[in-house]
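First the structure, in the form of structure tokens, and then the observations on it.
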Amino acid sequence: MPAPDIVSLGEPMYEFSQIAGQRSYLQGFGGDTMNCAIAAARQGARVAYLTRLGDDEFGRQLRELWRAEGIDDSGVSTDSEGHTAVYFITHGASGHVFSYLRKGSAASRMRPEHLRRDLIRSAKYFHTSGISQAISESARQTVDAAIECAIEGRVSVIYDCNLRLRLWPIETARPVIRATIARCQIFLLSMDEAGDLCGLSDPQAVLDWCHEAGARYVALKLGADGVIGSDSRQRRRIAGHAVECVDATGAGDCFAGALLARMSAGDDFWEALPFANAAAAITT
């Protein structure tokens with residue numbers, strides 16, 4: 001099998017989404033890094049995924065999904081003692097409500113010795129997220145080991161903040177995320193996350209903070225207002241696209257996947273950024 005362009009690491013999830021006004025649910029799949037992996041694969045990149053699954057029907061269906069999407073699952077192992085993570089989407093007064101059954105999941109039981117380091121070293125890009133670090137201490141150690149492997153193999157690290165305070169307190173998250181920023185080539189975050197992460201509300205100040213933390217390239221997502229790309233020499237703002245937004249869930253994951261797919265195809269960061277911005281808008 002050809003070497004992957006992208007290796008992504010994280011927690012895949014089996015999804016049940018409530019049909020509005022009914023007690024019935026649509027079955028689907030989710031998880032930030034998995035969404036990114038599938039988005040990249042659908043746009044032509046060769047993608048491998050690293051995680052652990054439970055020895056259950058949900059895990060088997062996830063493997064079937066990845067094979068149908070052309071994703072290399074040779075780095076995915078089965079945990080006979082952990083379950084595949086599940087989440088439910090219901091409808092509350094203020095919109096979607098997410099309920100998770102992920103404590104003790106197989107992915108949260110990942111450890112560094114489970115990594116397929118050869119896959120990481122063979123890739124162009126390694127991708128992971130703050131969620132991958134937040135689900136457990138052993139998962140955090142696994143992310144650290146994977147990033148170290150990527151750096152040693154001269155593989156570019158793409159890190160998506162995806163700050164979720166339901167998973168870990170900001171006092172824990174902030175130093176971990178900041179330390180990871182210093183080790184990545186490209187840092188992705190949204191203005192919604194920036195307020196909690198660095199206490200800033202001005203986009204230019206947020207970008208300054210990211211570069212001070214060590215990020216080389218930053219994509220600061222502004223929702224409907226588009227994105228600002230930044231490095232040590234220049235900043236470019238790309239306007240948002242006017243779309244009829246039905247559901248923005250997963251738009252940031254699509255952004256990451258589209259960015260990685262275009263860079264895998266030979267675009268540089270600046271060339272890939274408008275494409276990713278448009279793809280994220282379309283997916284809503």
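Just remember, in the structure tokens the first chain shown is A, the second B, etc., residues are 1-based per chain, and ligands are 1-based in the order shown.
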
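If you count only C-alpha atoms and ignore residues fewer than 6 places along the chain from Arg174 (chain A), what sits within 9 Å of it is A:Asp196, A:Leu197, A:Cys198.
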
Just N, CA, C and O atoms for this one: save the residues we selected as a tab-separated table (two decimals), in the first residue's frame.
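This went into result21.tsv:
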```tsv
chain	number	residue	atom	x	y	z
A	196	ASP	N	-11.50	31.46	25.67
A	196	ASP	CA	-11.16	30.61	26.81
A	196	ASP	C	-9.67	30.30	26.86
A	196	ASP	O	-9.07	30.26	27.93
A	197	LEU	N	-9.08	30.08	25.69
A	197	LEU	CA	-7.70	29.64	25.64
A	197	LEU	C	-6.73	30.73	26.08
A	197	LEU	O	-5.82	30.49	26.88
A	198	CYS	N	-6.92	31.95	25.55
A	198	CYS	CA	-5.95	32.99	25.84
A	198	CYS	C	-6.56	34.28	26.38
A	198	CYS	O	-5.85	35.25	26.61
```

message: If we count only C-alpha atoms and set the cut-off at 9 Å, which residues sit around region 76-83 of chain A, ignoring sequence neighbours fewer than 4 positions away in its own chain? Please answer as a PyMOL selection string.
response: chain A and resi 49-56+58-59+63+72+102+104-109+114-116

Keeping N, CA, C and O atoms, export the residues of the selection given above as an mmCIF file, in the first residue's frame.
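File part07.cif, as written:
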```cif
data_model
loop_
_atom_site.group_PDB
_atom_site.id
_atom_site.type_symbol
_atom_site.label_atom_id
_atom_site.label_comp_id
_atom_site.auth_asym_id
_atom_site.auth_seq_id
_atom_site.Cartn_x
_atom_site.Cartn_y
_atom_site.Cartn_z
ATOM 1 N N TYR A 49 -5.631 6.203 9.655
ATOM 2 C CA TYR A 49 -6.192 6.627 10.935
ATOM 3 C C TYR A 49 -5.613 5.763 12.044
ATOM 4 O O TYR A 49 -5.417 4.552 11.872
ATOM 5 N N LEU A 50 -5.346 6.390 13.190
ATOM 6 C CA LEU A 50 -4.811 5.695 14.357
ATOM 7 C C LEU A 50 -5.776 5.859 15.524
ATOM 8 O O LEU A 50 -6.126 6.976 15.905
ATOM 9 N N THR A 51 -6.208 4.750 16.086
ATOM 10 C CA THR A 51 -7.080 4.776 17.252
ATOM 11 C C THR A 51 -7.204 3.362 17.802
ATOM 12 O O THR A 51 -6.546 2.433 17.330
ATOM 13 N N ARG A 52 -8.097 3.196 18.789
ATOM 14 C CA ARG A 52 -8.496 1.881 19.272
ATOM 15 C C ARG A 52 -10.015 1.812 19.245
ATOM 16 O O ARG A 52 -10.706 2.807 19.486
ATOM 17 N N LEU A 53 -10.530 0.625 18.970
ATOM 18 C CA LEU A 53 -11.965 0.378 18.935
ATOM 19 C C LEU A 53 -12.318 -0.741 19.901
ATOM 20 O O LEU A 53 -11.494 -1.605 20.199
ATOM 21 N N GLY A 54 -13.562 -0.728 20.358
ATOM 22 C CA GLY A 54 -14.034 -1.836 21.154
ATOM 23 C C GLY A 54 -14.314 -3.058 20.286
ATOM 24 O O GLY A 54 -14.503 -2.944 19.073
ATOM 25 N N ASP A 55 -14.331 -4.206 20.920
ATOM 26 C CA ASP A 55 -14.668 -5.445 20.214
ATOM 27 C C ASP A 55 -16.187 -5.561 20.191
ATOM 28 O O ASP A 55 -16.789 -6.389 20.871
ATOM 29 N N ASP A 56 -16.811 -4.678 19.409
ATOM 30 C CA ASP A 56 -18.270 -4.588 19.404
ATOM 31 C C ASP A 56 -18.755 -4.224 18.001
ATOM 32 O O ASP A 56 -17.967 -3.940 17.100
ATOM 33 N N PHE A 58 -20.346 -1.601 16.969
ATOM 34 C CA PHE A 58 -20.062 -0.223 16.579
ATOM 35 C C PHE A 58 -18.665 -0.112 15.984
ATOM 36 O O PHE A 58 -18.448 0.578 14.987
ATOM 37 N N GLY A 59 -17.699 -0.764 16.614
ATOM 38 C CA GLY A 59 -16.341 -0.750 16.099
ATOM 39 C C GLY A 59 -16.238 -1.413 14.735
ATOM 40 O O GLY A 59 -15.531 -0.928 13.845
ATOM 41 N N ARG A 63 -14.982 0.317 11.079
ATOM 42 C CA ARG A 63 -13.990 -0.234 10.154
ATOM 43 C C ARG A 63 -14.566 -0.352 8.741
ATOM 44 O O ARG A 63 -13.884 -0.061 7.750
ATOM 45 N N ASP A 72 -6.912 3.907 5.366
ATOM 46 C CA ASP A 72 -6.077 2.818 5.872
ATOM 47 C C ASP A 72 -6.313 2.662 7.373
ATOM 48 O O ASP A 72 -6.020 3.565 8.161
ATOM 49 N N ARG A 102 -18.513 8.046 26.594
ATOM 50 C CA ARG A 102 -17.136 7.836 26.143
ATOM 51 C C ARG A 102 -16.177 7.479 27.286
ATOM 52 O O ARG A 102 -15.025 7.112 27.025
ATOM 53 N N GLY A 104 -14.039 5.490 29.575
ATOM 54 C CA GLY A 104 -13.554 4.118 29.459
ATOM 55 C C GLY A 104 -13.583 3.572 28.052
ATOM 56 O O GLY A 104 -13.426 2.365 27.844
ATOM 57 N N SER A 105 -13.764 4.463 27.057
ATOM 58 C CA SER A 105 -13.796 3.990 25.672
ATOM 59 C C SER A 105 -12.441 3.414 25.270
ATOM 60 O O SER A 105 -11.402 3.721 25.865
ATOM 61 N N ALA A 106 -12.475 2.589 24.236
ATOM 62 C CA ALA A 106 -11.234 1.981 23.750
ATOM 63 C C ALA A 106 -10.227 3.054 23.345
ATOM 64 O O ALA A 106 -9.032 2.943 23.634
ATOM 65 N N ALA A 107 -10.717 4.111 22.693
ATOM 66 C CA ALA A 107 -9.796 5.184 22.274
ATOM 67 C C ALA A 107 -9.177 5.884 23.471
ATOM 68 O O ALA A 107 -8.003 6.268 23.436
ATOM 69 N N SER A 108 -9.951 6.066 24.533
ATOM 70 C CA SER A 108 -9.408 6.734 25.719
ATOM 71 C C SER A 108 -8.371 5.870 26.423
ATOM 72 O O SER A 108 -7.632 6.363 27.273
ATOM 73 N N ARG A 109 -8.323 4.586 26.068
ATOM 74 C CA ARG A 109 -7.355 3.655 26.656
ATOM 75 C C ARG A 109 -6.099 3.496 25.775
ATOM 76 O O ARG A 109 -5.267 2.637 26.040
ATOM 77 N N HIS A 114 0.766 1.494 21.542
ATOM 78 C CA HIS A 114 -0.196 1.085 20.516
ATOM 79 C C HIS A 114 0.045 1.778 19.180
ATOM 80 O O HIS A 114 -0.581 1.421 18.169
ATOM 81 N N LEU A 115 0.926 2.758 19.130
ATOM 82 C CA LEU A 115 1.121 3.556 17.915
ATOM 83 C C LEU A 115 1.812 2.767 16.809
ATOM 84 O O LEU A 115 2.764 2.020 17.065
ATOM 85 N N ARG A 116 1.340 2.963 15.588
ATOM 86 C CA ARG A 116 2.063 2.493 14.408
ATOM 87 C C ARG A 116 3.010 3.601 13.978
ATOM 88 O O ARG A 116 2.696 4.444 13.153
#
```

Residue with smallest distance to Asp160 (chain A) - pool A:His127, A:His211, A:Arg233, A:Arg60, counting only C-alpha atoms: A:His127

query: Quick one: residues within 7 Å of Leu188 (chain A), only C-alpha atoms counted, chain neighbours fewer than 5 positions away excluded, as an NGL selection string?
result: :A and (159-161 or 218-220)

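The spacing separating CA of Ile181 (chain A) from CA of Ala265 (chain A) amounts to 24.5 Å.
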
message: I'd like the neighbourhood of Arg42 (chain A) as JSON, numbers by chain, where a residue qualifies if any of its atoms comes within 10 Å (using only C-alpha atoms), though same-chain residues fewer than 4 positions away should be ignored.
response: {"A": [36, 37, 38, 46, 47, 69, 70, 71, 257, 258, 261]}

field: Exercise: Leu167 (chain A) partners within 10 Å, only C-alpha atoms, chain neighbours under 2 positions left out, as an NGL selection string
entry: :A and (130-131 or 133-136 or 163-165 or 169-170 or 173)

Based on the selection just made, write N, CA, C and O atoms of those residues as a short mmCIF file (atom, residue, chain, number, x, y, z; two decimals), in the first residue's frame.
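New file part_38.cif:
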```cif
data_model
loop_
_atom_site.label_atom_id
_atom_site.label_comp_id
_atom_site.auth_asym_id
_atom_site.auth_seq_id
_atom_site.Cartn_x
_atom_site.Cartn_y
_atom_site.Cartn_z
N GLY A 130 -6.99 18.80 20.26
CA GLY A 130 -7.13 18.93 21.70
C GLY A 130 -8.08 17.91 22.29
O GLY A 130 -7.90 17.49 23.44
N ILE A 131 -9.09 17.52 21.54
CA ILE A 131 -10.00 16.47 22.04
C ILE A 131 -9.25 15.16 22.23
O ILE A 131 -9.46 14.46 23.22
N GLN A 133 -6.32 14.78 23.12
CA GLN A 133 -5.53 14.88 24.34
C GLN A 133 -6.40 14.88 25.59
O GLN A 133 -5.96 14.47 26.66
N ALA A 134 -7.65 15.35 25.46
CA ALA A 134 -8.49 15.58 26.63
C ALA A 134 -9.20 14.34 27.14
O ALA A 134 -9.65 14.31 28.29
N ILE A 135 -9.32 13.30 26.31
CA ILE A 135 -10.18 12.18 26.69
C ILE A 135 -9.58 11.32 27.81
O ILE A 135 -10.32 10.63 28.51
N SER A 136 -8.26 11.37 27.99
CA SER A 136 -7.64 10.64 29.11
C SER A 136 -6.17 11.00 29.18
O SER A 136 -5.58 11.52 28.22
N LEU A 163 -10.97 22.93 21.57
CA LEU A 163 -11.06 23.02 23.03
C LEU A 163 -12.48 22.68 23.48
O LEU A 163 -13.44 23.32 23.06
N ARG A 164 -12.61 21.67 24.32
CA ARG A 164 -13.90 21.25 24.86
C ARG A 164 -13.80 21.19 26.38
O ARG A 164 -13.22 20.25 26.95
N LEU A 165 -14.36 22.19 27.04
CA LEU A 165 -14.21 22.29 28.49
C LEU A 165 -15.07 21.28 29.24
O LEU A 165 -14.92 21.12 30.45
N PRO A 169 -10.71 20.76 32.39
CA PRO A 169 -10.79 22.16 32.83
C PRO A 169 -9.76 23.01 32.13
O PRO A 169 -8.69 22.53 31.73
N ILE A 170 -10.05 24.29 31.99
CA ILE A 170 -9.16 25.18 31.28
C ILE A 170 -7.79 25.25 31.94
O ILE A 170 -6.76 25.40 31.26
N ALA A 173 -6.15 22.33 30.42
CA ALA A 173 -6.06 22.40 28.96
C ALA A 173 -5.05 23.43 28.49
O ALA A 173 -4.28 23.17 27.55
#
```

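CA of Leu189 (chain A) lies 12.4 Å from CA of Gly226 (chain A).
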
task: Rounded to one decimal place, report the CA of Thr180 (chain A)-CA of Ala279 (chain A) distance in Å.
output: 26.3 Å

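Between Gly229 (chain A) and the candidates A:Asp32, A:Glu137, A:Asp247, A:Asp208, the tightest atom-to-atom separation, counting only C-alpha atoms, involves A:Asp208.
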
field: Filtered DSSP result for region 60-265 of chain A, state strand (DSSP E), as JSON, numbers by chain
entry: {"A": [76, 77, 78, 79, 86, 87, 88, 89, 90, 91, 92, 95, 96, 97, 98, 99, 100, 101, 125, 126, 127, 128, 129, 156, 157, 158, 159, 160, 186, 187, 188, 189, 190, 217, 218, 219, 220, 221, 227, 228, 229, 230, 235, 236, 237, 238]}

Selection from above, C-alpha atoms, as an mmCIF file, in the first residue's frame, can you write it?
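Dumped everything to part.cif:
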```cif
data_model
loop_
_atom_site.group_PDB
_atom_site.id
_atom_site.type_symbol
_atom_site.label_atom_id
_atom_site.label_comp_id
_atom_site.auth_asym_id
_atom_site.auth_seq_id
_atom_site.Cartn_x
_atom_site.Cartn_y
_atom_site.Cartn_z
ATOM 1 C CA VAL A 76 -6.332 0.718 14.402
ATOM 2 C CA SER A 77 -6.276 -1.895 17.152
ATOM 3 C CA THR A 78 -9.087 -3.607 19.033
ATOM 4 C CA ASP A 79 -9.451 -3.345 22.814
ATOM 5 C CA VAL A 86 -21.074 6.616 21.446
ATOM 6 C CA TYR A 87 -22.835 9.965 21.444
ATOM 7 C CA PHE A 88 -26.393 11.208 21.041
ATOM 8 C CA ILE A 89 -27.643 14.431 19.477
ATOM 9 C CA THR A 90 -30.985 15.648 20.788
ATOM 10 C CA HIS A 91 -32.849 18.939 20.471
ATOM 11 C CA GLY A 92 -33.066 21.423 23.361
ATOM 12 C CA GLY A 95 -30.406 23.978 19.745
ATOM 13 C CA HIS A 96 -28.516 20.707 19.567
ATOM 14 C CA VAL A 97 -27.674 18.897 22.818
ATOM 15 C CA PHE A 98 -24.768 16.456 22.772
ATOM 16 C CA SER A 99 -24.646 13.553 25.245
ATOM 17 C CA TYR A 100 -21.593 11.320 25.332
ATOM 18 C CA LEU A 101 -20.905 7.754 26.455
ATOM 19 C CA TYR A 125 1.330 15.295 7.629
ATOM 20 C CA PHE A 126 0.347 14.149 11.103
ATOM 21 C CA HIS A 127 -2.952 15.516 12.406
ATOM 22 C CA THR A 128 -4.474 15.467 15.879
ATOM 23 C CA SER A 129 -6.506 17.671 18.204
ATOM 24 C CA SER A 156 4.629 18.256 9.517
ATOM 25 C CA VAL A 157 2.293 18.380 12.522
ATOM 26 C CA ILE A 158 -1.164 19.910 12.078
ATOM 27 C CA TYR A 159 -2.861 20.597 15.406
ATOM 28 C CA ASP A 160 -6.528 21.536 15.770
ATOM 29 C CA ILE A 186 0.095 24.610 11.562
ATOM 30 C CA PHE A 187 -2.286 25.509 14.395
ATOM 31 C CA LEU A 188 -6.030 25.660 13.791
ATOM 32 C CA LEU A 189 -8.432 27.367 16.177
ATOM 33 C CA SER A 190 -11.655 29.369 16.212
ATOM 34 C CA TYR A 217 1.307 29.043 10.686
ATOM 35 C CA VAL A 218 -2.123 29.790 12.152
ATOM 36 C CA ALA A 219 -5.598 29.503 10.657
ATOM 37 C CA LEU A 220 -7.974 31.485 12.866
ATOM 38 C CA LYS A 221 -11.537 30.527 11.932
ATOM 39 C CA VAL A 227 -10.709 32.845 8.243
ATOM 40 C CA ILE A 228 -7.439 34.689 8.843
ATOM 41 C CA GLY A 229 -4.206 32.967 7.894
ATOM 42 C CA SER A 230 -0.991 34.096 9.525
ATOM 43 C CA ARG A 235 -1.589 37.840 7.443
ATOM 44 C CA ARG A 236 -4.430 37.340 5.015
ATOM 45 C CA ARG A 237 -8.129 37.527 5.733
ATOM 46 C CA ILE A 238 -10.390 35.408 3.533
#
```

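Taking region 30-108 of chain A and asking which residues DSSP calls alpha helix (DSSP H) on the backbone, you get Asp32, Thr33, Met34, Asn35, Cys36, Ala37, Ile38, Ala39, Ala40, Ala41, Arg42, Glu57, Phe58, Gly59, Arg60, Gln61, Leu62, Arg63, Glu64, Leu65, Trp66, Arg67 and Ala68 of chain A.
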
message: Give me, as a ChimeraX atom specification, all polymer residues having an atom no more than 12 Å from Ile282 (chain A), counting only C-alpha atoms and skipping those fewer than 2 positions away in the same chain.
response: /A:224,240-252,254-255,258,275-280,284

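Distances to Met13 (chain A) were evaluated for A:Thr84, A:Gln185, A:Thr283, A:Gln61 using only C-alpha atoms, and the minimum falls at A:Thr84.
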
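Residues surrounding Gly214 (chain A) within 9 Å are Arg178, Ala179, Thr180, Ile181, Ala182, Arg183 and Cys184 of chain A [only C-alpha atoms; sequence separation below 6 positions excluded].
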